[in-house]
$ cat protein18.cif   # mmCIF, C-alpha atoms
data_input
#
loop_
_atom_site.label_atom_id
_atom_site.label_comp_id
_atom_site.auth_asym_id
_atom_site.auth_seq_id
_atom_site.Cartn_x
_atom_site.Cartn_y
_atom_site.Cartn_z
CA MET A 1 10.36 -81.45 -39.59
CA ARG A 2 12.48 -83.94 -37.64
CA LYS A 3 15.57 -82.86 -39.54
CA ILE A 4 14.95 -79.24 -38.59
CA VAL A 5 14.51 -80.15 -34.91
CA ALA A 6 17.66 -82.29 -35.01
CA PHE A 7 19.57 -79.45 -36.65
CA LEU A 8 18.38 -76.98 -34.02
CA MET A 9 19.33 -79.40 -31.23
CA GLN A 10 22.81 -79.73 -32.73
CA GLY A 11 23.11 -75.94 -32.69
CA ASP A 12 22.08 -75.89 -29.03
CA ALA A 13 24.61 -78.61 -28.22
CA LEU A 14 27.33 -76.65 -29.99
CA ALA A 15 26.41 -73.48 -28.07
CA LEU A 16 26.57 -75.43 -24.80
CA SER A 17 29.98 -76.82 -25.76
CA VAL A 18 31.25 -73.30 -26.43
CA ASP A 19 29.89 -72.15 -23.07
CA ALA A 20 31.57 -75.08 -21.32
CA LEU A 21 34.86 -74.25 -23.03
CA ALA A 22 34.58 -70.62 -21.92
CA LEU A 23 33.89 -71.72 -18.35
CA SER A 24 36.90 -74.02 -18.46
CA GLY A 25 39.03 -71.08 -19.55
CA ASP A 26 37.66 -68.98 -16.70
CA ALA A 27 38.38 -71.78 -14.22
CA LEU A 28 41.94 -72.04 -15.50
CA ALA A 29 42.43 -68.28 -15.13
CA LEU A 30 41.15 -68.46 -11.55
CA LEU A 31 43.51 -71.33 -10.83
CA VAL A 32 46.45 -69.30 -12.12
CA ASP A 33 45.39 -66.36 -9.96
CA ALA A 34 45.13 -68.62 -6.91
CA LEU A 35 48.60 -69.98 -7.57
CA ALA A 36 50.01 -66.45 -7.83
CA LEU A 37 48.30 -65.49 -4.55
CA SER A 38 49.78 -68.57 -2.87
CA ALA A 39 53.24 -67.58 -4.07
CA ASP A 40 52.69 -64.04 -2.76
CA ALA A 41 51.52 -65.38 0.60
CA LEU A 42 54.59 -67.60 0.85
CA ALA A 43 56.86 -64.64 0.08
CA LEU A 44 55.10 -62.54 2.73
CA GLN A 45 55.53 -65.33 5.28
CA GLY A 46 59.24 -65.36 4.52
CA ILE A 47 59.48 -61.60 4.94
CA ALA A 48 57.56 -61.76 8.23
CA LYS A 49 59.87 -64.51 9.53
CA PHE A 50 62.95 -62.52 8.52
CA ASN A 51 61.57 -59.38 10.20
CA SER A 52 60.77 -61.37 13.33
CA LEU A 53 64.34 -62.65 13.49
CA ARG A 54 65.67 -59.12 12.98
CA ILE A 55 63.46 -57.80 15.80
CA ASN A 56 64.69 -60.56 18.07
CA GLU A 57 68.26 -59.61 17.19
CA MET A 58 67.55 -55.99 18.03
CA LEU A 59 65.96 -56.90 21.36
CA TYR A 60 68.67 -59.34 22.44
CA LEU A 61 72.08 -57.96 21.54
CA ASP A 62 74.90 -60.13 22.88
CA GLY A 63 72.39 -62.13 24.91
CA GLU A 64 71.38 -59.11 26.96
CA LYS A 65 67.84 -57.86 26.79
CA ILE A 66 67.53 -54.21 25.81
CA PRO A 67 65.10 -52.43 28.12
CA TYR A 68 62.06 -50.83 26.55
CA PRO A 69 61.98 -47.03 26.78
#

$ encode --input "protein18.cif" --output "structure tokens"
Amino acid sequence: MRKIVAFLMQGDALALSVDALALSGDALALLVDALALSADALALQGIAKFNSLRINEMLYLDGEKIPYP
């Protein structure tokens, strides 16, 4: 009887190990997604900065402010 219980407990431990491995894979996938989102955010910040500089150029040509219509 003890051998059967020990065998069943080993099966449970193995199932828990598989679950833990799957969760680790999920965590890694989420980490990769977060890294991609960070890269996208950085690119968008660069675009926004570039656009801001272009707007400033358009508003101040030759050091003179262009009046708003």

$ atom_distance --input "protein18.cif" --atom1 "CA of Met1 in chain A" --atom2 "CA of Leu16 in chain A"
22.8 Å

$ axis_aligned_box --input "protein18.cif" --around "range 28-46 of chain A" --padding-each-side "6 Å" --output "AutoDock Vina command-line options"
--center_x 50.2 --center_y -67.3 --center_z -5.1 --size_x 30.1 --size_y 21.5 --size_z 32.8

$ atom_distance --input "protein18.cif" --atom1 "CA of Leu44 in chain A" --atom2 "CA of Tyr60 in chain A"
24.1 Å

$ build_atoms --input "protein18.cif" --residues "range 26-37 of chain A" --atoms "all heavy atoms" --output "tab-separated table (two decimals), in the coordinates of the input"
chain	number	residue	atom	x	y	z
A	26	ASP	N	37.80	-69.81	-17.89
A	26	ASP	CA	37.66	-68.98	-16.70
A	26	ASP	C	38.20	-69.71	-15.47
A	26	ASP	O	38.88	-69.10	-14.63
A	26	ASP	CB	36.20	-68.61	-16.46
A	26	ASP	CG	35.66	-67.63	-17.50
A	26	ASP	OD1	36.48	-67.05	-18.25
A	26	ASP	OD2	34.42	-67.46	-17.56
A	27	ALA	N	37.90	-70.99	-15.35
A	27	ALA	CA	38.38	-71.78	-14.22
A	27	ALA	C	39.91	-71.85	-14.23
A	27	ALA	O	40.55	-71.75	-13.17
A	27	ALA	CB	37.78	-73.18	-14.24
A	28	LEU	N	40.48	-71.99	-15.40
A	28	LEU	CA	41.94	-72.04	-15.50
A	28	LEU	C	42.56	-70.70	-15.10
A	28	LEU	O	43.57	-70.66	-14.38
A	28	LEU	CB	42.35	-72.40	-16.93
A	28	LEU	CG	43.84	-72.56	-17.19
A	28	LEU	CD1	44.42	-73.66	-16.30
A	28	LEU	CD2	44.10	-72.89	-18.65
A	29	ALA	N	41.93	-69.61	-15.51
A	29	ALA	CA	42.43	-68.28	-15.13
A	29	ALA	C	42.36	-68.10	-13.62
A	29	ALA	O	43.29	-67.55	-13.00
A	29	ALA	CB	41.63	-67.20	-15.84
A	30	LEU	N	41.27	-68.56	-13.00
A	30	LEU	CA	41.15	-68.46	-11.55
A	30	LEU	C	42.20	-69.31	-10.85
A	30	LEU	O	42.73	-68.91	-9.81
A	30	LEU	CB	39.74	-68.88	-11.10
A	30	LEU	CG	38.63	-67.89	-11.43
A	30	LEU	CD1	37.27	-68.51	-11.11
A	30	LEU	CD2	38.81	-66.59	-10.67
A	31	LEU	N	42.49	-70.46	-11.40
A	31	LEU	CA	43.51	-71.33	-10.83
A	31	LEU	C	44.89	-70.67	-10.88
A	31	LEU	O	45.65	-70.71	-9.91
A	31	LEU	CB	43.53	-72.66	-11.57
A	31	LEU	CG	44.47	-73.74	-11.07
A	31	LEU	CD1	44.11	-74.12	-9.63
A	31	LEU	CD2	44.42	-74.96	-11.96
A	32	VAL	N	45.18	-70.02	-11.99
A	32	VAL	CA	46.45	-69.30	-12.12
A	32	VAL	C	46.53	-68.17	-11.11
A	32	VAL	O	47.56	-67.95	-10.47
A	32	VAL	CB	46.63	-68.79	-13.57
A	32	VAL	CG1	47.80	-67.81	-13.67
A	32	VAL	CG2	46.83	-69.96	-14.52
A	33	ASP	N	45.42	-67.44	-10.94
A	33	ASP	CA	45.39	-66.36	-9.96
A	33	ASP	C	45.60	-66.89	-8.54
A	33	ASP	O	46.32	-66.30	-7.74
A	33	ASP	CB	44.05	-65.61	-10.02
A	33	ASP	CG	43.92	-64.75	-11.26
A	33	ASP	OD1	44.94	-64.52	-11.95
A	33	ASP	OD2	42.79	-64.31	-11.55
A	34	ALA	N	44.97	-68.02	-8.23
A	34	ALA	CA	45.13	-68.62	-6.91
A	34	ALA	C	46.57	-69.05	-6.67
A	34	ALA	O	47.11	-68.88	-5.57
A	34	ALA	CB	44.19	-69.81	-6.75
A	35	LEU	N	47.21	-69.57	-7.69
A	35	LEU	CA	48.60	-69.98	-7.57
A	35	LEU	C	49.50	-68.76	-7.33
A	35	LEU	O	50.41	-68.81	-6.49
A	35	LEU	CB	49.04	-70.72	-8.83
A	35	LEU	CG	50.44	-71.30	-8.85
A	35	LEU	CD1	50.61	-72.29	-7.70
A	35	LEU	CD2	50.72	-71.98	-10.18
A	36	ALA	N	49.22	-67.67	-8.03
A	36	ALA	CA	50.01	-66.45	-7.83
A	36	ALA	C	49.80	-65.91	-6.41
A	36	ALA	O	50.76	-65.46	-5.77
A	36	ALA	CB	49.61	-65.39	-8.86
A	37	LEU	N	48.57	-65.96	-5.92
A	37	LEU	CA	48.30	-65.49	-4.55
A	37	LEU	C	49.01	-66.37	-3.52
A	37	LEU	O	49.51	-65.88	-2.51
A	37	LEU	CB	46.80	-65.47	-4.28
A	37	LEU	CG	46.03	-64.34	-4.98
A	37	LEU	CD1	44.53	-64.53	-4.77
A	37	LEU	CD2	46.47	-62.99	-4.48
